[in-house]
There are 4 protein chains.
Amino acid sequence: MELNFRSDNESSAAPAIMAALAEANHGTAWAYAEDPLSELLDEAFSDLFGTGTTVVPLSSGTVANSIALACVTPPWGSVFCHRTAHIYNDESGAPEFFGNGLRLIPVDGAEGKVTANTLKQTIVAAEGHGVHSYVPSAISLTQSTESGTVYQPEEISSICAVATEKDLATHLDGARFGNAIAALACHPGDVSWKAGIQMMSFGASKNGCLTAEALLFFGRPELREKAERLRKRSGHLLSKMRYLAAQLLAYIDNDLWLKLAAQANQQAARFSYEVAQHPTARLEYPVHANEVFVKWTAGGFAKLEESGVQFLVWPGRNDLARFVFSHCTSNEETATLCARLAEIGDG
Amino acid sequence: MELNFRSDNESSAAPAIMAALAEANHGTAWAYAEDPLSELLDEAFSDLFGTGTTVVPLSSGTVANSIALACVTPPWGSVFCHRTAHIYNDESGAPEFFGNGLRLIPVDGAEGKVTANTLKQTIVAAEGHGVHSYVPSAISLTQSTESGTVYQPEEISSICAVATEKDLATHLDGARFGNAIAALACHPGDVSWKAGIQMMSFGASKNGCLTAEALLFFGRPELREKAERLRKRSGHLLSKMRYLAAQLLAYIDNDLWLKLAAQANQQAARFSYEVAQHPTARLEYPVHANEVFVKWTAGGFAKLEESGVQFLVWPGRNDLARFVFSHCTSNEETATLCARLAEIGDG
Amino acid sequence: MELNFRSDNESSAAPAIMAALAEANHGTAWAYAEDPLSELLDEAFSDLFGTGTTVVPLSSGTVANSIALACVTPPWGSVFCHRTAHIYNDESGAPEFFGNGLRLIPVDGAEGKVTANTLKQTIVAAEGHGVHSYVPSAISLTQSTESGTVYQPEEISSICAVATEKDLATHLDGARFGNAIAALACHPGDVSWKAGIQMMSFGASKNGCLTAEALLFFGRPELREKAERLRKRSGHLLSKMRYLAAQLLAYIDNDLWLKLAAQANQQAARFSYEVAQHPTARLEYPVHANEVFVKWTAGGFAKLEESGVQFLVWPGRNDLARFVFSHCTSNEETATLCARLAEIGDG
Amino acid sequence: MELNFRSDNESSAAPAIMAALAEANHGTAWAYAEDPLSELLDEAFSDLFGTGTTVVPLSSGTVANSIALACVTPPWGSVFCHRTAHIYNDESGAPEFFGNGLRLIPVDGAEGKVTANTLKQTIVAAEGHGVHSYVPSAISLTQSTESGTVYQPEEISSICAVATEKDLATHLDGARFGNAIAALACHPGDVSWKAGIQMMSFGASKNGCLTAEALLFFGRPELREKAERLRKRSGHLLSKMRYLAAQLLAYIDNDLWLKLAAQANQQAARFSYEVAQHPTARLEYPVHANEVFVKWTAGGFAKLEESGVQFLVWPGRNDLARFVFSHCTSNEETATLCARLAEIGDG
């Protein structure tokens, strides 16, 4: 049995999402996001978040993050983010491209998290001298983080308080937001707008959709125009936006997104329990959501790979590996993984 | 009976495309275009075109055009295109965005077509004086054109000969390429690489797909790297590219794209015949593919609209309207349209 | 005797400007435009124009034009200008570079001038459809024009009225503004802020300075910050800005700029009189300032060149040539030119 | 007696440079760098460096650095530099602007210097994964450094060897290159092209010129065209380039640049000796060129300021201050500074 825990990006789409696509595929519909499904998005997300929400549907998390940051950051502005952030490491400069040369400034922090204190120090160190320096303009957090941990509402609030003090806009990269909310069992507003977040990427592709993401603005409707201009100029205003809207609406309907995320999280929890019992493997970070980082021997990882398990040995680190669980990871697959780990023993 | 001839952008997807999506939706697959379906694309399109073809799948025609042009044009280079071209009028500066400030220079021409002579004159007039001027760098043609006409192979060859003489790269915007090939009943290579075209946007969304397009390079494989970098930086490298590949493969399998286009073209031909018989309505341009431009009275158009027919009255012209037919326009719909036009009489 | 009428760009600097440089060259002075001379600029130009004026000193007209336009035009905005404008033909896309891909749209018009009517028609034709199209954002006029003509105050007022109606910002490229004011014998405000111009490039290099230009804002002080950011990011905030300020202050002191321009204009007038008397040479445009465009035979121009006179045969036109007169053209040089033209006779 | 040691940017121009300007100011000369003086530059600098050198004269160090880096770095490329580098801290993103969103990656290192080892580690950590990551593309060193130290030839060689191994282009920011060469008493080629440097900014404004700098390419003449395009598009191709050329030619004629730098260095050496003798003040870094960083008490610095001495208390550090000596610092001024420091005693 081949088992794949490389990334939730490799999962397939949920049946309900496929059904929604099929249902949307009847008759003609206005192009360029003027169709009836697209027009339901603002209300649907406003209901979900419990506040007025502006929705700009998009095809990838990279473009959602980049447009958000470009909307609030001048070319001579800087954006602060954790050193492991996707926008800093994995988007090949998309924020810099959309933002016409804005600068990302990495912030250090344990377990993938920015803290209010470190953020403040990093901002102060970057403030510089007038026209010669970048202007601190935005902070971007990732929820759940790139280390598989989840920010508590009060952590986000304290970070956003620093942002407010320093006049920075606040952004959340929610590529795995569903996993975070399923883990926190809180209202989605608690770690977004209620905590001070002004805009976010609402991830959907990793958790059951095909190619749909959404950029959300809370209480800043004036940013919609700039976002829509950037969407058009970057080729992301598709003619048949109804197929994105259909995915997004089905994704949040009847808590589907949370059910899918919960399935993924449960598998991760199950596996993390196994790792914790293991004689030599160790958890590198607390497991809050659907990612498990395991510290072990290179030999142990090699044996696990030979047994038919796929996962990501961390670049530059042969003693660390990431296992990601998705909505379509079955209980049986996880059980098999656990059994193989146990079997290999001390590596 | 409501009838919609506003745009083929408003059509739904073909059943075979939906089936391909469903079939692709099993198990896990490598992300970011390293999946098995994506890896079939180069060979499938090379077979279709009869020459080595590099395929970069994308989500919209706008991004396909923009990346193509940015690959061959420096920021201080200019791109020539027909004055009615989509890249000039309908992409809000996407080519300028991807090309970091390149310039589009419109070329005049009857029936939506650039001619070799006019192109040459326009290039010469733009050549300027050294470092002070933009450098003529590329020509972009549209097939079928924005006026619903189709270039013959020898027309494209003669234009590409000018390009060669002036050291310009050659691009084809093939948003309705299927309609052109169905109309010409020629090999797709005859109006592309054999005629001197180096790269093209292979349209699919208007003719049966959901959100898939492809950027093709003929004989210039060295451009792939730059194209893929721009795809990533613009947020168009989706995590689940298999869903684009599945659409594209099904689209060209067993001539599906030509069958769908032929259905659209036949409806347009049927309606153009009706217009030609009409006492007062006139065809503005020859009808070669799936678009019909009708010159008539404002009153006539108003009555047709009141009868439940939707179409595009041309911006700034109340005596001109565009009717577009798609792969899902039925014979019955076209017959009804024809009957209503005839019924209204002289408007 | 060699005579050079190719361009006022080739003239040397006026003695008073050199003297001002020498005077500024004592002791230390704060860098980056915080020196005492730089701090005099706003007041000096406000006095000159009779209204509150914000001055951003720069080194070239190209950068002054480009920063001005970028301050008021989003990347998806368009700027209207005469088809012969320097920003359109001679700046290799500097406005597009500073403006991150904005678009210039040429306006036709006789004698180098935009008219209110043609401008309005061109704007209306460019308005397009929402997010798919560039947004008309600014108009740029050239005074004196690239054809050597000068706009009257009421011409500029009527154009600015169209701009106001269409919500466009207004810019003047004043590379030869001194020549225009010397010709009009009006107050410099009459063809700038009083006529509706919001910002302008105040040319100085062509008319007696070494490398100094100034970007002026009338009544829009909020644009200073963006302009100064762009100046810094483009490498135009020199460490020793005092040497630019010194030139600019001397240039407007005691009407020096108008005296220099008057000298140039008088020479042009003298020569245009000679052309008007000539049996076969003709004036292509009215001569208002310091440029004379002559229509003649290719043979005539060749003989004149052989006699030791340098001028610009127009690119692509062997029957048209431009003669430019500068502040350092002597009466004797002009007299010699006139004599040689007369001597050659009918060419 | 007021004494100013804030920055060599605040110094005035050397008499020989003013004389050269005056001498250049006769008659007409072709515009846009086609004048006879501009055409001497390549040969003059080739002679100075002892190798074929391509010269692009410019008005500021910021634009020279930015164009150099943009010539060798794609938008998706990264440039490594010391954490204190001017390009990283003081140019407000000019490299990012010219480079269309390239990324600067800071390298740590004592005394303002990058080491080969640390550079290599930083590059390896940044290499990332294919299209998702920036491509390491260039290294930029500063000579003399922002800490007032000077790289030895073998230090630069070893860094350039890493660059070669990793396929990075090599750039030197020589804003204070004259001070470095005067200190090293070596041939200018020894710490530039002979050590592996491919391009450099040859600083002149800080050391006796008014507003002149030069971008130099060693052995890469193919980069001239791109550099000249960027110069034009950024508004740095002045019409009267002869005034830049005149400064640069006079600056390197008869070793003027080294004589001026030596005067500055000697003053710094004199003061550093005084600091070394002082009971409580300390040198923060070795003093190799014309900058002295002093660690002392806030009270001591305050007393020195009260005595009429101006210098830069380091941002965010009240126990550190920078004193910069220039070509026009007199022996008497330095003696007075030393006396005042001694007088204040232990602060």
# chains A, B, ... in the order shown; residues from 1 in each chain; ligands from 1
$ residues_around --residues "range 283-292 of chain B" --least-positions-apart "6" --cutoff "8 Å" --atoms "only C-alpha atoms" --output "list in words"
Glu111, Ser144, Ser147, Gly148, Thr149, Val150, Asn179, Ala180, Ala182, Ala183, Ala261, Ala264, Asn265, Gln266, Gln267, Ala268, Ala269, Phe271, Ser272, Val275, Ala276, Leu320, Arg322, Phe323, Val324, Phe325 and Ser326 of chain B
$ select_by_dssp --residues "range 68-232 of chain B" --states "alpha helix (DSSP H)" --output "ChimeraX atom specification"
/B:68-72,86-89,94-98,116-126,153-165,177-184,224-232
$ interface_residues --of "chain D" --to "chain B" --cutoff "8 Å" --atoms "only C-alpha atoms" --output "count of residues only"
8
$ closest_residue --among "C:Arg176, C:Arg83, C:Lys120, C:His129" --to "Val162 in chain C" --atoms "only C-alpha atoms"
C:Lys120
$ residues_around --residues "Ile87 in chain A" --least-positions-apart "4" --cutoff "10 Å" --atoms "only C-alpha atoms" --output "list in words"
Gly61, Thr62, Asn65, Ser66, Cys81, His82, Arg83, Glu91, Ser92, Gly93, Ala94, Pro95, Glu96, Leu104, Ser140, Leu141, Thr142 and Asp173 of chain A
$ write_last_selection --atoms "N, CA and C atoms" --output "mmCIF file, in the first residue's frame"
data_model
loop_
_atom_site.group_PDB
_atom_site.id
_atom_site.type_symbol
_atom_site.label_atom_id
_atom_site.label_comp_id
_atom_site.auth_asym_id
_atom_site.auth_seq_id
_atom_site.Cartn_x
_atom_site.Cartn_y
_atom_site.Cartn_z
ATOM 1 N N GLY A 61 -3.516 30.724 -3.631
ATOM 2 C CA GLY A 61 -3.175 31.438 -2.415
ATOM 3 C C GLY A 61 -2.103 32.486 -2.671
ATOM 4 N N THR A 62 -1.192 32.203 -3.573
ATOM 5 C CA THR A 62 -0.129 33.160 -3.878
ATOM 6 C C THR A 62 -0.706 34.466 -4.385
ATOM 7 N N ASN A 65 -2.589 36.311 -1.473
ATOM 8 C CA ASN A 65 -1.666 37.001 -0.569
ATOM 9 C C ASN A 65 -1.068 38.246 -1.227
ATOM 10 N N SER A 66 -0.680 38.095 -2.463
ATOM 11 C CA SER A 66 0.046 39.179 -3.134
ATOM 12 C C SER A 66 -0.849 40.378 -3.383
ATOM 13 N N CYS A 81 6.789 39.479 8.235
ATOM 14 C CA CYS A 81 6.202 38.140 8.274
ATOM 15 C C CYS A 81 7.192 37.192 8.937
ATOM 16 N N HIS A 82 6.709 36.052 9.376
ATOM 17 C CA HIS A 82 7.607 35.074 9.998
ATOM 18 C C HIS A 82 8.620 34.580 8.963
ATOM 19 N N ARG A 83 9.802 34.268 9.462
ATOM 20 C CA ARG A 83 10.882 33.848 8.560
ATOM 21 C C ARG A 83 10.507 32.607 7.743
ATOM 22 N N GLU A 91 6.993 31.896 -2.786
ATOM 23 C CA GLU A 91 6.187 32.555 -3.813
ATOM 24 C C GLU A 91 7.059 33.284 -4.839
ATOM 25 N N SER A 92 8.334 33.010 -4.797
ATOM 26 C CA SER A 92 9.253 33.486 -5.842
ATOM 27 C C SER A 92 9.135 34.981 -6.096
ATOM 28 N N GLY A 93 8.757 35.719 -5.053
ATOM 29 C CA GLY A 93 8.670 37.160 -5.230
ATOM 30 C C GLY A 93 7.349 37.653 -5.782
ATOM 31 N N ALA A 94 6.302 36.850 -5.693
ATOM 32 C CA ALA A 94 4.988 37.338 -6.146
ATOM 33 C C ALA A 94 4.561 38.598 -5.388
ATOM 34 N N PRO A 95 4.732 38.672 -4.072
ATOM 35 C CA PRO A 95 4.367 39.936 -3.397
ATOM 36 C C PRO A 95 5.177 41.122 -3.921
ATOM 37 N N GLU A 96 6.450 40.893 -4.208
ATOM 38 C CA GLU A 96 7.284 41.959 -4.753
ATOM 39 C C GLU A 96 6.815 42.330 -6.162
ATOM 40 N N LEU A 104 9.788 42.439 1.812
ATOM 41 C CA LEU A 104 9.377 41.573 2.923
ATOM 42 C C LEU A 104 10.511 41.527 3.944
ATOM 43 N N SER A 140 1.950 40.259 8.043
ATOM 44 C CA SER A 140 1.237 39.086 7.529
ATOM 45 C C SER A 140 1.506 37.897 8.439
ATOM 46 N N LEU A 141 0.447 37.306 8.957
ATOM 47 C CA LEU A 141 0.553 36.099 9.779
ATOM 48 C C LEU A 141 0.037 34.901 8.998
ATOM 49 N N THR A 142 0.433 33.710 9.416
ATOM 50 C CA THR A 142 -0.025 32.492 8.747
ATOM 51 C C THR A 142 -0.757 31.628 9.774
ATOM 52 N N ASP A 173 -2.542 34.905 6.177
ATOM 53 C CA ASP A 173 -2.468 33.885 5.132
ATOM 54 C C ASP A 173 -3.165 32.643 5.685
#
$ select_by_dssp --residues "range 47-244 of chain D" --states "strand (DSSP E or B)" --output "PDB file with N, CA, C and O atoms, in the first residue's frame"
ATOM      1  N   THR D  53      37.529  48.819 -19.856  1.00  0.00           N
ATOM      2  CA  THR D  53      36.489  49.234 -18.916  1.00  0.00           C
ATOM      3  C   THR D  53      35.396  49.989 -19.657  1.00  0.00           C
ATOM      4  O   THR D  53      35.690  50.891 -20.438  1.00  0.00           O
ATOM      5  N   THR D  54      34.160  49.600 -19.424  1.00  0.00           N
ATOM      6  CA  THR D  54      33.010  50.280 -20.009  1.00  0.00           C
ATOM      7  C   THR D  54      32.458  51.242 -18.966  1.00  0.00           C
ATOM      8  O   THR D  54      32.161  50.822 -17.845  1.00  0.00           O
ATOM      9  N   VAL D  55      32.313  52.503 -19.336  1.00  0.00           N
ATOM     10  CA  VAL D  55      31.906  53.528 -18.364  1.00  0.00           C
ATOM     11  C   VAL D  55      30.505  54.046 -18.691  1.00  0.00           C
ATOM     12  O   VAL D  55      30.247  54.454 -19.822  1.00  0.00           O
ATOM     13  N   VAL D  56      29.633  54.032 -17.712  1.00  0.00           N
ATOM     14  CA  VAL D  56      28.309  54.646 -17.850  1.00  0.00           C
ATOM     15  C   VAL D  56      28.208  55.739 -16.787  1.00  0.00           C
ATOM     16  O   VAL D  56      27.972  55.453 -15.622  1.00  0.00           O
ATOM     17  N   PRO D  57      28.418  57.006 -17.183  1.00  0.00           N
ATOM     18  CA  PRO D  57      28.354  58.072 -16.184  1.00  0.00           C
ATOM     19  C   PRO D  57      26.931  58.306 -15.692  1.00  0.00           C
ATOM     20  O   PRO D  57      25.980  58.233 -16.473  1.00  0.00           O
ATOM     21  N   LEU D  58      26.810  58.592 -14.406  1.00  0.00           N
ATOM     22  CA  LEU D  58      25.505  58.760 -13.770  1.00  0.00           C
ATOM     23  C   LEU D  58      25.605  59.850 -12.705  1.00  0.00           C
ATOM     24  O   LEU D  58      26.689  60.325 -12.408  1.00  0.00           O
ATOM     25  N   GLY D  77      15.515  37.040  -9.126  1.00  0.00           N
ATOM     26  CA  GLY D  77      16.859  36.773  -8.629  1.00  0.00           C
ATOM     27  C   GLY D  77      17.123  37.518  -7.333  1.00  0.00           C
ATOM     28  O   GLY D  77      16.504  38.545  -7.048  1.00  0.00           O
ATOM     29  N   SER D  78      18.058  37.002  -6.541  1.00  0.00           N
ATOM     30  CA  SER D  78      18.408  37.655  -5.281  1.00  0.00           C
ATOM     31  C   SER D  78      19.845  38.141  -5.305  1.00  0.00           C
ATOM     32  O   SER D  78      20.694  37.588  -5.995  1.00  0.00           O
ATOM     33  N   VAL D  79      20.068  39.193  -4.533  1.00  0.00           N
ATOM     34  CA  VAL D  79      21.378  39.831  -4.424  1.00  0.00           C
ATOM     35  C   VAL D  79      21.798  39.781  -2.962  1.00  0.00           C
ATOM     36  O   VAL D  79      21.035  40.203  -2.087  1.00  0.00           O
ATOM     37  N   PHE D  80      22.985  39.297  -2.695  1.00  0.00           N
ATOM     38  CA  PHE D  80      23.503  39.200  -1.333  1.00  0.00           C
ATOM     39  C   PHE D  80      24.368  40.416  -1.037  1.00  0.00           C
ATOM     40  O   PHE D  80      25.138  40.856  -1.892  1.00  0.00           O
ATOM     41  N   CYS D  81      24.224  40.930   0.164  1.00  0.00           N
ATOM     42  CA  CYS D  81      25.027  42.096   0.558  1.00  0.00           C
ATOM     43  C   CYS D  81      25.131  42.107   2.078  1.00  0.00           C
ATOM     44  O   CYS D  81      24.343  41.459   2.763  1.00  0.00           O
ATOM     45  N   HIS D  82      26.102  42.862   2.582  1.00  0.00           N
ATOM     46  CA  HIS D  82      26.235  42.965   4.033  1.00  0.00           C
ATOM     47  C   HIS D  82      24.999  43.642   4.626  1.00  0.00           C
ATOM     48  O   HIS D  82      24.391  44.498   3.988  1.00  0.00           O
ATOM     49  N   ARG D 103      15.197  40.635  -5.026  1.00  0.00           N
ATOM     50  CA  ARG D 103      15.268  40.641  -3.557  1.00  0.00           C
ATOM     51  C   ARG D 103      16.716  40.769  -3.073  1.00  0.00           C
ATOM     52  O   ARG D 103      17.605  40.113  -3.604  1.00  0.00           O
ATOM     53  N   LEU D 104      16.905  41.625  -2.074  1.00  0.00           N
ATOM     54  CA  LEU D 104      18.200  41.735  -1.399  1.00  0.00           C
ATOM     55  C   LEU D 104      18.195  40.840  -0.170  1.00  0.00           C
ATOM     56  O   LEU D 104      17.233  40.844   0.598  1.00  0.00           O
ATOM     57  N   ILE D 105      19.257  40.081   0.014  1.00  0.00           N
ATOM     58  CA  ILE D 105      19.358  39.188   1.175  1.00  0.00           C
ATOM     59  C   ILE D 105      20.582  39.596   1.983  1.00  0.00           C
ATOM     60  O   ILE D 105      21.713  39.526   1.497  1.00  0.00           O
ATOM     61  N   PRO D 106      20.360  40.037   3.228  1.00  0.00           N
ATOM     62  CA  PRO D 106      21.482  40.531   4.027  1.00  0.00           C
ATOM     63  C   PRO D 106      22.353  39.393   4.558  1.00  0.00           C
ATOM     64  O   PRO D 106      21.862  38.325   4.909  1.00  0.00           O
ATOM     65  N   VAL D 107      23.651  39.680   4.613  1.00  0.00           N
ATOM     66  CA  VAL D 107      24.637  38.734   5.123  1.00  0.00           C
ATOM     67  C   VAL D 107      25.261  39.358   6.365  1.00  0.00           C
ATOM     68  O   VAL D 107      25.623  40.536   6.352  1.00  0.00           O
ATOM     69  N   VAL D 135      16.320  33.068  -7.241  1.00  0.00           N
ATOM     70  CA  VAL D 135      17.566  32.472  -7.708  1.00  0.00           C
ATOM     71  C   VAL D 135      18.743  33.343  -7.267  1.00  0.00           C
ATOM     72  O   VAL D 135      18.808  34.521  -7.665  1.00  0.00           O
ATOM     73  N   PRO D 136      19.667  32.826  -6.460  1.00  0.00           N
ATOM     74  CA  PRO D 136      20.841  33.629  -6.087  1.00  0.00           C
ATOM     75  C   PRO D 136      21.562  34.107  -7.348  1.00  0.00           C
ATOM     76  O   PRO D 136      21.923  33.295  -8.205  1.00  0.00           O
ATOM     77  N   SER D 137      21.730  35.422  -7.484  1.00  0.00           N
ATOM     78  CA  SER D 137      22.182  35.985  -8.760  1.00  0.00           C
ATOM     79  C   SER D 137      23.383  36.913  -8.676  1.00  0.00           C
ATOM     80  O   SER D 137      24.118  37.047  -9.642  1.00  0.00           O
ATOM     81  N   ALA D 138      23.571  37.571  -7.539  1.00  0.00           N
ATOM     82  CA  ALA D 138      24.687  38.521  -7.474  1.00  0.00           C
ATOM     83  C   ALA D 138      25.104  38.738  -6.026  1.00  0.00           C
ATOM     84  O   ALA D 138      24.335  38.490  -5.088  1.00  0.00           O
ATOM     85  N   ILE D 139      26.351  39.191  -5.885  1.00  0.00           N
ATOM     86  CA  ILE D 139      26.867  39.632  -4.585  1.00  0.00           C
ATOM     87  C   ILE D 139      27.329  41.070  -4.748  1.00  0.00           C
ATOM     88  O   ILE D 139      27.930  41.423  -5.767  1.00  0.00           O
ATOM     89  N   SER D 140      27.017  41.897  -3.748  1.00  0.00           N
ATOM     90  CA  SER D 140      27.464  43.284  -3.762  1.00  0.00           C
ATOM     91  C   SER D 140      28.291  43.560  -2.512  1.00  0.00           C
ATOM     92  O   SER D 140      27.812  43.354  -1.394  1.00  0.00           O
ATOM     93  N   LEU D 141      29.508  44.010  -2.702  1.00  0.00           N
ATOM     94  CA  LEU D 141      30.376  44.393  -1.586  1.00  0.00           C
ATOM     95  C   LEU D 141      30.521  45.909  -1.551  1.00  0.00           C
ATOM     96  O   LEU D 141      30.313  46.568  -2.572  1.00  0.00           O
ATOM     97  N   THR D 142      30.907  46.448  -0.418  1.00  0.00           N
ATOM     98  CA  THR D 142      31.105  47.888  -0.284  1.00  0.00           C
ATOM     99  C   THR D 142      32.556  48.150   0.125  1.00  0.00           C
ATOM    100  O   THR D 142      33.041  47.537   1.070  1.00  0.00           O
ATOM    101  N   ALA D 169      26.949  37.022 -10.194  1.00  0.00           N
ATOM    102  CA  ALA D 169      27.691  38.183 -10.661  1.00  0.00           C
ATOM    103  C   ALA D 169      28.252  38.936  -9.455  1.00  0.00           C
ATOM    104  O   ALA D 169      27.756  38.790  -8.331  1.00  0.00           O
ATOM    105  N   THR D 170      29.279  39.759  -9.701  1.00  0.00           N
ATOM    106  CA  THR D 170      29.967  40.433  -8.599  1.00  0.00           C
ATOM    107  C   THR D 170      29.972  41.936  -8.792  1.00  0.00           C
ATOM    108  O   THR D 170      30.354  42.452  -9.840  1.00  0.00           O
ATOM    109  N   HIS D 171      29.574  42.627  -7.751  1.00  0.00           N
ATOM    110  CA  HIS D 171      29.434  44.084  -7.798  1.00  0.00           C
ATOM    111  C   HIS D 171      30.129  44.708  -6.602  1.00  0.00           C
ATOM    112  O   HIS D 171      30.106  44.158  -5.496  1.00  0.00           O
ATOM    113  N   LEU D 172      30.727  45.877  -6.843  1.00  0.00           N
ATOM    114  CA  LEU D 172      31.355  46.623  -5.761  1.00  0.00           C
ATOM    115  C   LEU D 172      30.685  47.989  -5.678  1.00  0.00           C
ATOM    116  O   LEU D 172      30.604  48.705  -6.692  1.00  0.00           O
ATOM    117  N   ASP D 173      30.210  48.345  -4.496  1.00  0.00           N
ATOM    118  CA  ASP D 173      29.735  49.699  -4.270  1.00  0.00           C
ATOM    119  C   ASP D 173      30.939  50.514  -3.810  1.00  0.00           C
ATOM    120  O   ASP D 173      31.376  50.398  -2.657  1.00  0.00           O
ATOM    121  N   GLY D 174      31.467  51.316  -4.712  1.00  0.00           N
ATOM    122  CA  GLY D 174      32.687  52.060  -4.408  1.00  0.00           C
ATOM    123  C   GLY D 174      32.427  53.513  -4.076  1.00  0.00           C
ATOM    124  O   GLY D 174      33.183  54.386  -4.511  1.00  0.00           O
ATOM    125  N   MET D 199      31.710  44.519 -11.946  1.00  0.00           N
ATOM    126  CA  MET D 199      31.150  45.859 -12.169  1.00  0.00           C
ATOM    127  C   MET D 199      31.220  46.623 -10.860  1.00  0.00           C
ATOM    128  O   MET D 199      31.199  46.034  -9.783  1.00  0.00           O
ATOM    129  N   MET D 200      31.290  47.947 -10.961  1.00  0.00           N
ATOM    130  CA  MET D 200      31.377  48.731  -9.731  1.00  0.00           C
ATOM    131  C   MET D 200      30.824  50.128  -9.931  1.00  0.00           C
ATOM    132  O   MET D 200      30.786  50.660 -11.044  1.00  0.00           O
ATOM    133  N   SER D 201      30.400  50.691  -8.816  1.00  0.00           N
ATOM    134  CA  SER D 201      30.084  52.110  -8.777  1.00  0.00           C
ATOM    135  C   SER D 201      31.348  52.818  -8.336  1.00  0.00           C
ATOM    136  O   SER D 201      31.882  52.538  -7.262  1.00  0.00           O
ATOM    137  N   PHE D 202      31.815  53.732  -9.164  1.00  0.00           N
ATOM    138  CA  PHE D 202      33.047  54.456  -8.862  1.00  0.00           C
ATOM    139  C   PHE D 202      32.631  55.796  -8.271  1.00  0.00           C
ATOM    140  O   PHE D 202      32.252  56.720  -8.992  1.00  0.00           O
ATOM    141  N   GLU D 213      29.007  60.314 -10.673  1.00  0.00           N
ATOM    142  CA  GLU D 213      29.388  58.953 -10.319  1.00  0.00           C
ATOM    143  C   GLU D 213      29.553  58.200 -11.637  1.00  0.00           C
ATOM    144  O   GLU D 213      29.146  58.676 -12.690  1.00  0.00           O
ATOM    145  N   ALA D 214      30.141  57.034 -11.552  1.00  0.00           N
ATOM    146  CA  ALA D 214      30.304  56.255 -12.779  1.00  0.00           C
ATOM    147  C   ALA D 214      30.064  54.783 -12.475  1.00  0.00           C
ATOM    148  O   ALA D 214      30.526  54.259 -11.469  1.00  0.00           O
ATOM    149  N   LEU D 215      29.291  54.172 -13.357  1.00  0.00           N
ATOM    150  CA  LEU D 215      29.144  52.721 -13.306  1.00  0.00           C
ATOM    151  C   LEU D 215      30.166  52.129 -14.266  1.00  0.00           C
ATOM    152  O   LEU D 215      30.227  52.524 -15.436  1.00  0.00           O
ATOM    153  N   LEU D 216      30.986  51.212 -13.753  1.00  0.00           N
ATOM    154  CA  LEU D 216      32.033  50.598 -14.561  1.00  0.00           C
ATOM    155  C   LEU D 216      31.764  49.114 -14.745  1.00  0.00           C
ATOM    156  O   LEU D 216      31.383  48.429 -13.788  1.00  0.00           O
ATOM    157  N   PHE D 217      31.967  48.637 -15.955  1.00  0.00           N
ATOM    158  CA  PHE D 217      31.932  47.197 -16.223  1.00  0.00           C
ATOM    159  C   PHE D 217      33.327  46.760 -16.659  1.00  0.00           C
ATOM    160  O   PHE D 217      33.923  47.378 -17.546  1.00  0.00           O
ATOM    161  N   PHE D 218      33.817  45.705 -16.052  1.00  0.00           N
ATOM    162  CA  PHE D 218      35.102  45.142 -16.455  1.00  0.00           C
ATOM    163  C   PHE D 218      34.845  43.856 -17.228  1.00  0.00           C
ATOM    164  O   PHE D 218      34.287  42.894 -16.673  1.00  0.00           O
TER     165      PHE D 218
END
$ residues_around --residues "Ala125 in chain A" --least-positions-apart "5" --cutoff "10 Å" --atoms "only C-alpha atoms" --output "list of chain:residue names"
A:Leu119, A:Lys120, D:Pro315, D:Gly316
$ write_last_selection --atoms "N, CA, C and O atoms" --output "compact mmCIF listing (two decimals), in the first residue's frame"
# COMPACT_ATOMS: atom_id res chain seq x y z
N LEU A 119 7.98 41.20 17.00
CA LEU A 119 7.51 42.03 15.88
C LEU A 119 7.86 43.49 16.12
O LEU A 119 8.39 44.17 15.25
N LYS A 120 7.54 43.94 17.33
CA LYS A 120 7.78 45.35 17.62
C LYS A 120 9.25 45.70 17.49
O LYS A 120 9.62 46.73 16.90
N PRO D 315 21.70 55.98 14.89
CA PRO D 315 20.27 55.75 15.16
C PRO D 315 20.07 54.54 16.07
O PRO D 315 20.59 53.45 15.78
N GLY D 316 19.37 54.74 17.14
CA GLY D 316 19.09 53.63 18.06
C GLY D 316 20.23 53.31 19.02
O GLY D 316 20.12 52.38 19.82
